[in-house]
Amino acid sequence: MKLSHVFRVFVVLALFVAQVVQAEQITPVKSEVAADNALLLNELISARSTSDKKNLINLIANSNFPQRAKVLSALQDGDLYYTKADEQLVYAFSHPDGYQITSVIDGENLGVIGSRKVRKISINNELRTVLRGVLAELSLRSEDVFVRLSAAKDLIRSPSPEFLYAIERAKAVEVNEKVLASLNIATAMINLNSEEQVLRLDAIEAFRGTLDSDAMSILAAMQLKDSEGNYLEQDDLVRESAAAVLSEMRGEAEMYKLVENVFFGLSLGSVLLLTAVGLAITFGVMGVINMAHGEMMMLGAYTTYVIQLLMPNYIDYSIVVAIPAAFLVSGLVGIVIERGVIRHLYGRPLETLLATFGVSLILQQAVRSIFSPLNKSVSAPSWLSGSWEINGALSLTYNRLYIIIFSLVVLLMLVFLLKKTFVGLQMRAVTQNRAMANSMGIRTGWVDALTFGLGSGIAGIAGVALSQLTNVGPNLGQSYIIDSFMVVVFGGVGNLFGTFFAAMSLGVANKFLEPFAGAVLAKIFVLVFIILFIQWRPRGLFALKGRSVED
Amino acid sequence: MINSKIFERSAIGRLLLADKAGRYLIAALLVITVLVPLCNLLMPAGSFLHIPTYVVVLLGKYLCYALLALALDLVWGYCGILSLGHGAFFALGGYAMGMHLMRQIGERGVYGNAELPDFMVFLNWTELPWYWYGFDNFFFTMFMVALVPAALAFVFGWLAFRSRVTGVYLSIITQAMTYALLLAFFRNDMGFGGNNGLTDFKDILGFSLQSDATRCVLFALSALSVAGAYVLCRAIVTSKYGRVLIAIRDAESRTRFMGYRVEHYKLFVFVVSAILAGIAGALYVPQVGIINPGEFGPINSIEIVIWVAIGGRGTLFGAVIGAVAVNYAKTYFTGAFPEVWLFMLGALFVISTLYLPKGIVGVVTQIRERRAESNATSIPEQGAKS
């Protein structure tokens with residue numbers, strides 16, 4: 001205690017001096033404090049009795065020595081030694097020639113020393129308990145929320161009564177809700193091991209509404225029987241209460257698992273939607289089977305890559321630039337293809353299929369020749385990584401979240417363009433009755449080119465999204481083209497809502513099949529389902545009705 | 001003279017009498033059936049007439065492709081069914097053959113297991129899956145080579161044609177079918193060797209697959225199969241039944257309204273075509289020595305369509321010419337200018353659809369017709385002018 005007084009006086013003095021003296025004079029004062037800390041630490045060498053050491057540990061924990069946590073954990077792990085010669089406190093790690101030692105006070109590397117020249121600062125079990133509590137409290141008081149949170153989670157995993165006091169004190173000052181919730185669980189975990197029934201029942205009640213997996217496994221363990229058929233948990237009341245809370249927690253976790261699956265499914269569906277919506281225009285609205293659609297996506301992905309090459313210092317914004325750029329690149333290539341090839345093949349869908357497949361081969365080889373056949377790495381902007389943790393059982397990753405939003409935005413803009421603008425009106429007129437539209441003064445040729453360009457441009461945008469999800473290589477498009485066709489055919493040709501519905505339902509169905517069947521088999525099931533579905537409704541889910549249906 | 005009379009009276013003879021190009025094709029096939037093995041086996045290695053073994057294998061491969069193209073032309077050219085999944089039937093026939101050849105390896109495998117192929121030992125399987133039973137028997141295998149593709153085509157066609165899935169929709173779901181099979185065969189659990197497929201074959205019916213003689217026999221068989229398949233397809237398309245097929249191709253609804261059960265006609269020709277494709281696959285595998293799931297790839301199936309389109313759709317011999325020509329070009333260009341090949345192939349697609357809607361055969365007939373026309377009409381034309 002005496003020492004602590006001395007120490008406090010020093011601290012007050014130091015602060016006082018620090019305020020009075022000039023900036024350049026602060027350094028000696030700081031070193032004075034450091035010297036004082038050194039004094040305190042060196043007490044560890046001379047302290048012999050357990051109670052002395054206990055006091056010292058508490059003093060160190062409350063001191064302003066920056067590395068106090070490191071010293072204390074070294075003490076706990078038995079890595080704290082002192083040199084016999086000059087009684088200096090060191091961290092020591094075994095080395096073939098003895099010990100590799102580092103000064104505790106100033107962190108100076110003191111080289112290797114013979115094992116007989118140092119002595120360990122010994123601790124016993126009582127001190128170990130004290131140290132655990134002190135260390136836990138130290139990290140619970142940390143400035144960093146993440147350190148506090150992980151400390152609280154560690155406490156949940158190793159509940160032990162000596163932490164109770166530290167936890168209660170931390171709870172009093174804790175402002176972060178997540179840390180507070182974890183601390184509450186930690187308290188409950190500790191109380192669950194106590195002798196008193198009331199405390200244990202309260203602890204079980206405290207788990208209600210949380211989704212902590214450790215709590216769930218503890219409660220589940222309470223329901224087990226030993227080999228003779230007796231419950232491991234002897235107290236019936238506690239066990240039944242635990243069973244009730246456990247089933248409630250499981251039900252809730254199940255629900256969140258379901259929500260998560262739906263979310264995954266929707267994000268997969270959004271990818272499908274993005275890849276298929278451009279096809280829904282070229283195939284659905286114009287009736288052109290564009291096998292080069294996948295290559296339009298590939299062009300979009302490569303545009304992203306090039307944009308990132310052009311602005312290496314602004315990766316975070318590159319995506320924002322890449323979206324319109326990819327739309328333009330793919331759209332222009334699409335217009336060129338329409339004017340050059342497809343224009344001559346209207347009304348001959350099978351020939352169009354072959355010609356556009358040829359175009360896709362040319363585009364693939366062009367990319368291979370320009371960029372090399374190897375995959376290119378496109379980096380993800382920082383705002384796309386990370387996840388949104390809603391609770392213990394549910395966390396949604398940002399990139400999936402953004403892709404859902406993005407695909408919906410693209411779809412809505414497309415619907416707006418087709419239904420509310422003059423260009424959209426012209427496009428619809430040409431697809432419904434080409435000859436009549438022509439005689440009303442619409443330049444059908446140009447509208448065809450624009451429509452095809454629009455579909456291709458949207459494929460380019462999809463490529464930007466794909467560049468964040470898969471490898472960017474010459475074969476990128478091929479792996480998506482069949483899926484996109486499936487989506488369009490399943491949803492009903494010429495119907496954007498059908499495409500949306502088909503993409504989302506296929507995505508969700510795929511994700512729900514995966515746990516039972518595995519990813520590949522799930523995909524096969526979906527394909528077989530679509531093949532069978534087409535037999536039942538040959539024109540898709542939402543088939544167009546009326547005269548235009550029959551060719 | 002007697003011979004020619006017998007020829008005229010036989011069914012095949014009558015068929016070929018009306019088909020000049022077919023006669024040339026059959027003759028050419030018969031000539032190479034004899035000549036190529038002779039030149040390979042009897043001519044000394046340095047001789048001008050010697051055909052190296054790798055060329056024999058290559059030609060054999062082309063002939064398998066030609067058979068496959070014939071199968072596709074039968075359904076696409078004469079019935080309007082554009083199947084983008086014919087590679088699946090080809091690969092299934094190939095896998096059936098591959099399974100037989102795997103069983104023939106016996107104890108000569110790396111693990112020396114008489115019962116199980118190497119990849120099963122590698123996967124720690126203890127017994128043969130039930131669907132591998134019987135493939136040690138050659139005749140059972142031959143039966144399965146035809147039956148498996150036929151069964152798939154029957155089920156698929158029965159469902160699709162009954163519900164009147166036509167045109168583009170049919171093309172897309174056939175593509176989905178081959179894609180689903182591709183994914184399925186990539187799985188190790190399926191018991192077909194997964195990613196690596198089936199390979200390391202040793203012999204067939206006791207003859208080593210590495211020997212020149214076996215290769216020549218396989219080549220000759222391929223050539224004879226193409227000839228046989230050509231005659232069969234020609235017989236189908238010139239029969240009354242074939243007339244209905246063409247009617248379906250040109251006006252499906254109208255044919256149906258006239259009282260024909262369109263779906264039955266389509267189903268039959270689809271199954272026949274699948275069997276031919278399966279046989280092509282079965283001939284292909286022992287010659288190239290490997291079958292893997294890549295054969296199910298949708299791109300492969302589209303390539304078949306290209307052979308037929310470039311050769312000339314709806315002519316049968318056009319399919320054979322197209323398959324051989326495109327594949328020869330592929331071999332040449334991938335060897336000489338690998339960078340250029342895909343550009344070439346892509347351009348071929350575009351040009352053939354834009355400017356050669358009837359393929360090579362179409363161009364030839366056009367030129368000949370024009371010449372015949374100018375000969376026939378030269379005098380009246382002059383008269384009209386004056």
# chains A, B, ... in the order shown; residues from 1 in each chain; ligands from 1
>>> residues_around(residues="Gly358 in chain A", least_positions_apart="3", cutoff="6 Å", atoms="only C-alpha atoms", output="PyMOL selection string")
(chain A and resi 355+361) or (chain B and resi 346+349-350)
>>> closest_atom_pairs(of="chain B", to="chain A", cutoff="7 Å", atoms="only C-alpha atoms", output="CSV")
residue,atom,partner,partner_atom,distance
B:Leu159,CA,A:Gln535,CA,6.2
B:Ala160,CA,A:Gln535,CA,5.7
B:Ser163,CA,A:Gln535,CA,5.3
B:Val165,CA,A:Pro538,CA,5.7
B:Val168,CA,A:Leu350,CA,7.0
B:Ile173,CA,A:Ile531,CA,5.8
B:Ala176,CA,A:Leu527,CA,6.3
B:Ala180,CA,A:Ile524,CA,5.1
B:Leu183,CA,A:Val520,CA,6.6
B:Leu342,CA,A:Leu361,CA,5.9
B:Phe343,CA,A:Ile362,CA,4.8
B:Leu345,CA,A:Gly358,CA,6.8
B:Gly346,CA,A:Gly358,CA,3.7
B:Ala347,CA,A:Gly358,CA,6.2
B:Phe349,CA,A:Gly358,CA,4.8
B:Val350,CA,A:Ala355,CA,4.4
B:Thr353,CA,A:Glu351,CA,5.9
>>> write_last_selection(atoms="N, CA and C atoms", output="PDB file, in the first residue's frame")
ATOM      1  N   LEU B 159     -41.387 -36.981 -73.726  1.00  0.00           N
ATOM      2  CA  LEU B 159     -41.881 -35.859 -72.936  1.00  0.00           C
ATOM      3  C   LEU B 159     -41.981 -34.589 -73.773  1.00  0.00           C
ATOM      4  N   ALA B 160     -40.904 -34.328 -74.528  1.00  0.00           N
ATOM      5  CA  ALA B 160     -40.826 -33.038 -75.217  1.00  0.00           C
ATOM      6  C   ALA B 160     -41.822 -32.970 -76.374  1.00  0.00           C
ATOM      7  N   SER B 163     -45.635 -32.769 -75.437  1.00  0.00           N
ATOM      8  CA  SER B 163     -46.153 -31.469 -75.016  1.00  0.00           C
ATOM      9  C   SER B 163     -45.808 -30.375 -76.020  1.00  0.00           C
ATOM     10  N   VAL B 165     -43.103 -29.184 -77.411  1.00  0.00           N
ATOM     11  CA  VAL B 165     -41.996 -28.250 -77.239  1.00  0.00           C
ATOM     12  C   VAL B 165     -41.249 -28.236 -78.564  1.00  0.00           C
ATOM     13  N   VAL B 168     -36.864 -23.228 -80.840  1.00  0.00           N
ATOM     14  CA  VAL B 168     -35.818 -22.744 -79.962  1.00  0.00           C
ATOM     15  C   VAL B 168     -35.904 -23.374 -78.579  1.00  0.00           C
ATOM     16  N   ILE B 173     -33.645 -26.811 -74.264  1.00  0.00           N
ATOM     17  CA  ILE B 173     -33.698 -27.866 -73.242  1.00  0.00           C
ATOM     18  C   ILE B 173     -32.813 -29.062 -73.604  1.00  0.00           C
ATOM     19  N   ALA B 176     -29.733 -28.018 -72.106  1.00  0.00           N
ATOM     20  CA  ALA B 176     -29.777 -28.211 -70.654  1.00  0.00           C
ATOM     21  C   ALA B 176     -29.541 -29.670 -70.308  1.00  0.00           C
ATOM     22  N   ALA B 180     -26.644 -30.904 -67.928  1.00  0.00           N
ATOM     23  CA  ALA B 180     -26.906 -31.625 -66.677  1.00  0.00           C
ATOM     24  C   ALA B 180     -26.086 -32.911 -66.632  1.00  0.00           C
ATOM     25  N   LEU B 183     -22.468 -32.115 -65.807  1.00  0.00           N
ATOM     26  CA  LEU B 183     -22.259 -31.913 -64.374  1.00  0.00           C
ATOM     27  C   LEU B 183     -22.298 -33.247 -63.632  1.00  0.00           C
ATOM     28  N   LEU B 342      -9.933 -20.312 -83.523  1.00  0.00           N
ATOM     29  CA  LEU B 342     -11.254 -19.913 -83.043  1.00  0.00           C
ATOM     30  C   LEU B 342     -11.827 -18.756 -83.852  1.00  0.00           C
ATOM     31  N   PHE B 343     -10.935 -17.858 -84.304  1.00  0.00           N
ATOM     32  CA  PHE B 343     -11.403 -16.793 -85.203  1.00  0.00           C
ATOM     33  C   PHE B 343     -11.997 -17.407 -86.464  1.00  0.00           C
ATOM     34  N   LEU B 345     -13.124 -20.516 -86.926  1.00  0.00           N
ATOM     35  CA  LEU B 345     -14.344 -21.267 -86.674  1.00  0.00           C
ATOM     36  C   LEU B 345     -15.512 -20.302 -86.512  1.00  0.00           C
ATOM     37  N   GLY B 346     -15.271 -19.240 -85.735  1.00  0.00           N
ATOM     38  CA  GLY B 346     -16.321 -18.251 -85.522  1.00  0.00           C
ATOM     39  C   GLY B 346     -16.764 -17.633 -86.831  1.00  0.00           C
ATOM     40  N   ALA B 347     -15.765 -17.262 -87.641  1.00  0.00           N
ATOM     41  CA  ALA B 347     -16.094 -16.649 -88.928  1.00  0.00           C
ATOM     42  C   ALA B 347     -16.840 -17.640 -89.814  1.00  0.00           C
ATOM     43  N   PHE B 349     -18.912 -19.925 -88.873  1.00  0.00           N
ATOM     44  CA  PHE B 349     -20.298 -19.926 -88.434  1.00  0.00           C
ATOM     45  C   PHE B 349     -21.050 -18.770 -89.062  1.00  0.00           C
ATOM     46  N   VAL B 350     -20.463 -17.579 -88.906  1.00  0.00           N
ATOM     47  CA  VAL B 350     -21.154 -16.374 -89.338  1.00  0.00           C
ATOM     48  C   VAL B 350     -21.345 -16.402 -90.848  1.00  0.00           C
ATOM     49  N   THR B 353     -23.823 -19.089 -92.140  1.00  0.00           N
ATOM     50  CA  THR B 353     -25.245 -18.801 -91.935  1.00  0.00           C
ATOM     51  C   THR B 353     -25.691 -17.616 -92.778  1.00  0.00           C
TER      52      THR B 353
END
>>> residues_around(residues="range 186-194 of chain B", least_positions_apart="6", cutoff="8 Å", atoms="only C-alpha atoms", output="ChimeraX atom specification")
/A:520 /B:119-120,129,292-293
>>> write_last_selection(atoms="N, CA and C atoms", output="short mmCIF file (atom, residue, chain, number, x, y, z; two decimals), in the first residue's frame")
data_model
loop_
_atom_site.label_atom_id
_atom_site.label_comp_id
_atom_site.auth_asym_id
_atom_site.auth_seq_id
_atom_site.Cartn_x
_atom_site.Cartn_y
_atom_site.Cartn_z
N VAL A 520 -23.47 -29.45 -56.88
CA VAL A 520 -23.57 -29.91 -58.27
C VAL A 520 -24.89 -30.62 -58.51
N PHE B 119 -9.82 -46.30 -60.83
CA PHE B 119 -10.33 -45.13 -60.11
C PHE B 119 -11.25 -45.54 -58.96
N MET B 120 -11.89 -46.72 -59.07
CA MET B 120 -12.74 -47.19 -57.97
C MET B 120 -11.89 -47.64 -56.79
N PRO B 129 -20.29 -51.08 -58.81
CA PRO B 129 -21.68 -50.62 -58.76
C PRO B 129 -22.55 -51.46 -59.70
N ASN B 292 -14.04 -38.66 -71.51
CA ASN B 292 -14.23 -37.94 -70.25
C ASN B 292 -15.44 -37.02 -70.35
N PRO B 293 -15.87 -36.44 -69.23
CA PRO B 293 -17.13 -35.70 -69.24
C PRO B 293 -17.12 -34.51 -70.20
#
>>> residues_around(residues="range 132-148 of chain B", least_positions_apart="3", cutoff="7 Å", atoms="only C-alpha atoms", output="compact mmCIF listing (two decimals) with N, CA and C atoms, in the first residue's frame")
# COMPACT_ATOMS: atom_id res chain seq x y z
N LEU B 92 -22.60 -40.90 -74.34
CA LEU B 92 -23.15 -42.07 -73.63
C LEU B 92 -22.71 -43.35 -74.31
N GLY B 93 -22.77 -43.37 -75.64
CA GLY B 93 -22.27 -44.54 -76.37
C GLY B 93 -20.81 -44.76 -76.07
N ALA B 96 -20.32 -46.22 -72.63
CA ALA B 96 -20.64 -47.65 -72.58
C ALA B 96 -19.45 -48.45 -73.08
N MET B 97 -18.88 -48.01 -74.22
CA MET B 97 -17.70 -48.68 -74.77
C MET B 97 -16.54 -48.59 -73.78
N MET B 99 -16.60 -48.33 -70.61
CA MET B 99 -16.78 -49.22 -69.46
C MET B 99 -16.35 -50.63 -69.81
N HIS B 100 -16.70 -51.05 -71.04
CA HIS B 100 -16.27 -52.39 -71.47
C HIS B 100 -14.74 -52.47 -71.49
N ARG B 103 -13.23 -52.73 -68.14
CA ARG B 103 -13.34 -54.07 -67.54
C ARG B 103 -12.33 -55.01 -68.17
N GLN B 104 -11.97 -54.75 -69.44
CA GLN B 104 -11.02 -55.61 -70.12
C GLN B 104 -9.61 -55.45 -69.56
N LEU B 128 -18.16 -53.52 -57.34
CA LEU B 128 -18.58 -52.87 -58.57
C LEU B 128 -20.01 -52.34 -58.41
N PRO B 129 -20.29 -51.08 -58.81
CA PRO B 129 -21.68 -50.62 -58.76
C PRO B 129 -22.55 -51.46 -59.70
N ALA B 151 -32.69 -45.05 -74.98
CA ALA B 151 -33.60 -44.88 -73.86
C ALA B 151 -33.69 -43.42 -73.47
N LEU B 152 -32.52 -42.75 -73.39
CA LEU B 152 -32.54 -41.33 -73.03
C LEU B 152 -33.34 -40.54 -74.07
N ILE B 275 -29.33 -43.47 -81.51
CA ILE B 275 -28.59 -44.74 -81.60
C ILE B 275 -27.37 -44.56 -82.50
N GLY B 278 -24.79 -42.81 -80.64
CA GLY B 278 -24.17 -43.69 -79.66
C GLY B 278 -23.14 -44.61 -80.30
N ILE B 279 -23.48 -45.14 -81.49
CA ILE B 279 -22.53 -46.01 -82.19
C ILE B 279 -21.27 -45.23 -82.56
N ALA B 282 -19.17 -45.06 -79.59
CA ALA B 282 -18.55 -46.33 -79.27
C ALA B 282 -17.37 -46.62 -80.18
>>> residues_around(residues="Leu401 in chain A", least_positions_apart="6", cutoff="10 Å", atoms="only C-alpha atoms", output="ChimeraX atom specification")
/A:263-264,266-267,270,384,387-388
>>> write_last_selection(atoms="N, CA and C atoms", output="JSON list (two decimals), in the first residue's frame")
[["chain", "number", "residue", "atom", "x", "y", "z"],
["A", 263, "PHE", "N", -31.92, -15.65, -47.92],
["A", 263, "PHE", "CA", -31.06, -14.54, -48.32],
["A", 263, "PHE", "C", -30.01, -15.01, -49.33],
["A", 264, "PHE", "N", -29.36, -16.14, -49.02],
["A", 264, "PHE", "CA", -28.38, -16.69, -49.96],
["A", 264, "PHE", "C", -29.05, -16.97, -51.31],
["A", 266, "LEU", "N", -31.72, -15.63, -52.54],
["A", 266, "LEU", "CA", -32.07, -14.39, -53.25],
["A", 266, "LEU", "C", -30.84, -13.77, -53.88],
["A", 267, "SER", "N", -29.69, -13.88, -53.20],
["A", 267, "SER", "CA", -28.50, -13.27, -53.80],
["A", 267, "SER", "C", -28.07, -14.07, -55.03],
["A", 270, "SER", "N", -30.33, -13.12, -57.67],
["A", 270, "SER", "CA", -30.03, -11.80, -58.22],
["A", 270, "SER", "C", -28.95, -11.89, -59.28],
["A", 384, "LEU", "N", -17.33, -3.33, -50.22],
["A", 384, "LEU", "CA", -18.09, -4.53, -50.57],
["A", 384, "LEU", "C", -17.79, -5.68, -49.62],
["A", 387, "SER", "N", -19.44, -7.88, -43.30],
["A", 387, "SER", "CA", -20.80, -8.38, -43.23],
["A", 387, "SER", "C", -21.59, -7.65, -42.14],
["A", 388, "TRP", "N", -22.86, -7.74, -42.27],
["A", 388, "TRP", "CA", -23.78, -7.08, -41.36],
["A", 388, "TRP", "C", -24.28, -8.12, -40.38]]
>>> select_by_dssp(residues="range 255-360 of chain A", states="alpha helix (DSSP H)", output="PyMOL selection string")
chain A and resi 255-279+293-310+315-340+349-360
>>> atom_distance(atom1="CA of Leu396 in chain A", atom2="CA of Ile458 in chain A")
26.2 Å
>>> atom_distance(atom1="CA of Thr303 in chain A", atom2="CA of Val472 in chain A")
10.3 Å
>>> atom_distance(atom1="CA of Ala186 in chain A", atom2="CA of Ser158 in chain A")
8.7 Å
>>> select_by_dssp(residues="range 91-256 of chain B", states="strand (DSSP E)", output="list in words")
Leu198, Thr199, Asp203, Ile204, Phe207 and Ser208 of chain B
>>> residues_around(residues="range 206-211 of chain B", least_positions_apart="2", cutoff="12 Å", atoms="only C-alpha atoms", output="PDB file with N, CA and C atoms, in the first residue's frame")
ATOM      1  N   ASN B  40      -1.367 -48.539 -94.922  1.00  0.00           N
ATOM      2  CA  ASN B  40      -0.737 -48.442 -93.616  1.00  0.00           C
ATOM      3  C   ASN B  40       0.064 -49.690 -93.298  1.00  0.00           C
ATOM      4  N   LEU B  41      -0.530 -50.878 -93.605  1.00  0.00           N
ATOM      5  CA  LEU B  41       0.072 -52.122 -93.137  1.00  0.00           C
ATOM      6  C   LEU B  41       1.107 -52.676 -94.106  1.00  0.00           C
ATOM      7  N   THR B  53       0.356 -44.330 -88.981  1.00  0.00           N
ATOM      8  CA  THR B  53      -0.731 -44.767 -88.113  1.00  0.00           C
ATOM      9  C   THR B  53      -1.511 -43.587 -87.546  1.00  0.00           C
ATOM     10  N   TYR B  54      -0.788 -42.498 -87.230  1.00  0.00           N
ATOM     11  CA  TYR B  54      -1.524 -41.380 -86.620  1.00  0.00           C
ATOM     12  C   TYR B  54      -2.558 -40.810 -87.592  1.00  0.00           C
ATOM     13  N   VAL B  56      -4.161 -42.662 -89.788  1.00  0.00           N
ATOM     14  CA  VAL B  56      -5.267 -43.621 -89.777  1.00  0.00           C
ATOM     15  C   VAL B  56      -6.191 -43.301 -88.613  1.00  0.00           C
ATOM     16  N   VAL B  57      -5.593 -43.064 -87.443  1.00  0.00           N
ATOM     17  CA  VAL B  57      -6.400 -42.742 -86.261  1.00  0.00           C
ATOM     18  C   VAL B  57      -7.189 -41.458 -86.486  1.00  0.00           C
ATOM     19  N   LEU B 101     -14.120 -51.447 -72.078  1.00  0.00           N
ATOM     20  CA  LEU B 101     -12.659 -51.461 -72.194  1.00  0.00           C
ATOM     21  C   LEU B 101     -12.006 -51.398 -70.818  1.00  0.00           C
ATOM     22  N   GLN B 104     -11.973 -54.747 -69.441  1.00  0.00           N
ATOM     23  CA  GLN B 104     -11.018 -55.608 -70.121  1.00  0.00           C
ATOM     24  C   GLN B 104      -9.612 -55.452 -69.561  1.00  0.00           C
ATOM     25  N   ILE B 105      -9.342 -54.305 -68.924  1.00  0.00           N
ATOM     26  CA  ILE B 105      -7.988 -54.091 -68.387  1.00  0.00           C
ATOM     27  C   ILE B 105      -7.675 -55.155 -67.351  1.00  0.00           C
ATOM     28  N   GLY B 106      -8.694 -55.472 -66.511  1.00  0.00           N
ATOM     29  CA  GLY B 106      -8.519 -56.529 -65.512  1.00  0.00           C
ATOM     30  C   GLY B 106      -7.379 -56.253 -64.567  1.00  0.00           C
ATOM     31  N   PHE B 138     -18.839 -58.384 -74.307  1.00  0.00           N
ATOM     32  CA  PHE B 138     -18.781 -57.478 -75.459  1.00  0.00           C
ATOM     33  C   PHE B 138     -20.165 -57.275 -76.082  1.00  0.00           C
ATOM     34  N   THR B 199      -9.891 -44.148 -69.134  1.00  0.00           N
ATOM     35  CA  THR B 199      -8.747 -44.157 -70.049  1.00  0.00           C
ATOM     36  C   THR B 199      -7.814 -45.310 -69.697  1.00  0.00           C
ATOM     37  N   ASP B 200      -6.633 -45.321 -70.294  1.00  0.00           N
ATOM     38  CA  ASP B 200      -5.649 -46.393 -70.098  1.00  0.00           C
ATOM     39  C   ASP B 200      -6.139 -47.742 -70.613  1.00  0.00           C
ATOM     40  N   PHE B 201      -6.922 -47.718 -71.688  1.00  0.00           N
ATOM     41  CA  PHE B 201      -7.439 -48.973 -72.216  1.00  0.00           C
ATOM     42  C   PHE B 201      -6.301 -49.815 -72.772  1.00  0.00           C
ATOM     43  N   LYS B 202      -6.484 -51.149 -72.675  1.00  0.00           N
ATOM     44  CA  LYS B 202      -5.413 -52.025 -73.151  1.00  0.00           C
ATOM     45  C   LYS B 202      -5.793 -52.731 -74.453  1.00  0.00           C
ATOM     46  N   ASP B 203      -6.903 -53.472 -74.422  1.00  0.00           N
ATOM     47  CA  ASP B 203      -7.227 -54.200 -75.645  1.00  0.00           C
ATOM     48  C   ASP B 203      -8.734 -54.344 -75.811  1.00  0.00           C
ATOM     49  N   ILE B 204      -9.123 -54.740 -77.009  1.00  0.00           N
ATOM     50  CA  ILE B 204     -10.526 -54.948 -77.308  1.00  0.00           C
ATOM     51  C   ILE B 204     -10.671 -56.329 -77.931  1.00  0.00           C
ATOM     52  N   ALA B 213      -2.732 -53.071 -86.628  1.00  0.00           N
ATOM     53  CA  ALA B 213      -3.787 -53.874 -87.242  1.00  0.00           C
ATOM     54  C   ALA B 213      -5.130 -53.557 -86.596  1.00  0.00           C
ATOM     55  N   THR B 214      -5.166 -53.494 -85.270  1.00  0.00           N
ATOM     56  CA  THR B 214      -6.420 -53.185 -84.585  1.00  0.00           C
ATOM     57  C   THR B 214      -6.934 -51.817 -85.003  1.00  0.00           C
ATOM     58  N   ARG B 215      -6.010 -50.881 -85.075  1.00  0.00           N
ATOM     59  CA  ARG B 215      -6.414 -49.529 -85.458  1.00  0.00           C
ATOM     60  C   ARG B 215      -7.007 -49.515 -86.866  1.00  0.00           C
ATOM     61  N   CYS B 216      -6.389 -50.291 -87.751  1.00  0.00           N
ATOM     62  CA  CYS B 216      -6.894 -50.345 -89.122  1.00  0.00           C
ATOM     63  C   CYS B 216      -8.279 -50.973 -89.166  1.00  0.00           C
ATOM     64  N   VAL B 217      -8.465 -52.023 -88.364  1.00  0.00           N
ATOM     65  CA  VAL B 217      -9.784 -52.660 -88.335  1.00  0.00           C
ATOM     66  C   VAL B 217     -10.823 -51.668 -87.818  1.00  0.00           C
ATOM     67  N   LEU B 218     -10.481 -50.960 -86.747  1.00  0.00           N
ATOM     68  CA  LEU B 218     -11.417 -49.978 -86.201  1.00  0.00           C
ATOM     69  C   LEU B 218     -11.732 -48.899 -87.225  1.00  0.00           C
ATOM     70  N   PHE B 219     -10.680 -48.503 -87.979  1.00  0.00           N
ATOM     71  CA  PHE B 219     -10.893 -47.502 -89.029  1.00  0.00           C
ATOM     72  C   PHE B 219     -11.867 -48.034 -90.074  1.00  0.00           C
ATOM     73  N   VAL B 285     -14.283 -44.008 -79.032  1.00  0.00           N
ATOM     74  CA  VAL B 285     -13.502 -44.201 -77.799  1.00  0.00           C
ATOM     75  C   VAL B 285     -12.303 -45.129 -77.959  1.00  0.00           C
ATOM     76  N   PRO B 286     -12.446 -46.333 -78.565  1.00  0.00           N
ATOM     77  CA  PRO B 286     -11.243 -47.159 -78.673  1.00  0.00           C
ATOM     78  C   PRO B 286     -10.175 -46.531 -79.566  1.00  0.00           C
ATOM     79  N   GLN B 287     -10.574 -45.666 -80.499  1.00  0.00           N
ATOM     80  CA  GLN B 287      -9.573 -45.062 -81.385  1.00  0.00           C
ATOM     81  C   GLN B 287      -8.805 -43.945 -80.709  1.00  0.00           C
ATOM     82  N   VAL B 288      -9.497 -43.097 -79.914  1.00  0.00           N
ATOM     83  CA  VAL B 288      -8.771 -42.004 -79.262  1.00  0.00           C
ATOM     84  C   VAL B 288      -8.258 -42.424 -77.890  1.00  0.00           C
ATOM     85  N   GLY B 289      -8.824 -43.496 -77.335  1.00  0.00           N
ATOM     86  CA  GLY B 289      -8.265 -44.040 -76.098  1.00  0.00           C
ATOM     87  C   GLY B 289      -8.701 -43.347 -74.829  1.00  0.00           C
ATOM     88  N   ILE B 290      -9.684 -42.465 -74.903  1.00  0.00           N
ATOM     89  CA  ILE B 290     -10.146 -41.820 -73.675  1.00  0.00           C
ATOM     90  C   ILE B 290     -11.572 -41.340 -73.867  1.00  0.00           C
TER      91      ILE B 290
END
>>> residues_around(residues="Thr365 in chain B", least_positions_apart="5", cutoff="12 Å", atoms="only C-alpha atoms", output="ChimeraX atom specification")
/B:21,312,315,318,356,358-360,370-373
>>> closest_residue(among="A:Leu44, A:Gly498, A:Leu309, A:Met222", to="Ser241 in chain A", atoms="only C-alpha atoms")
A:Met222
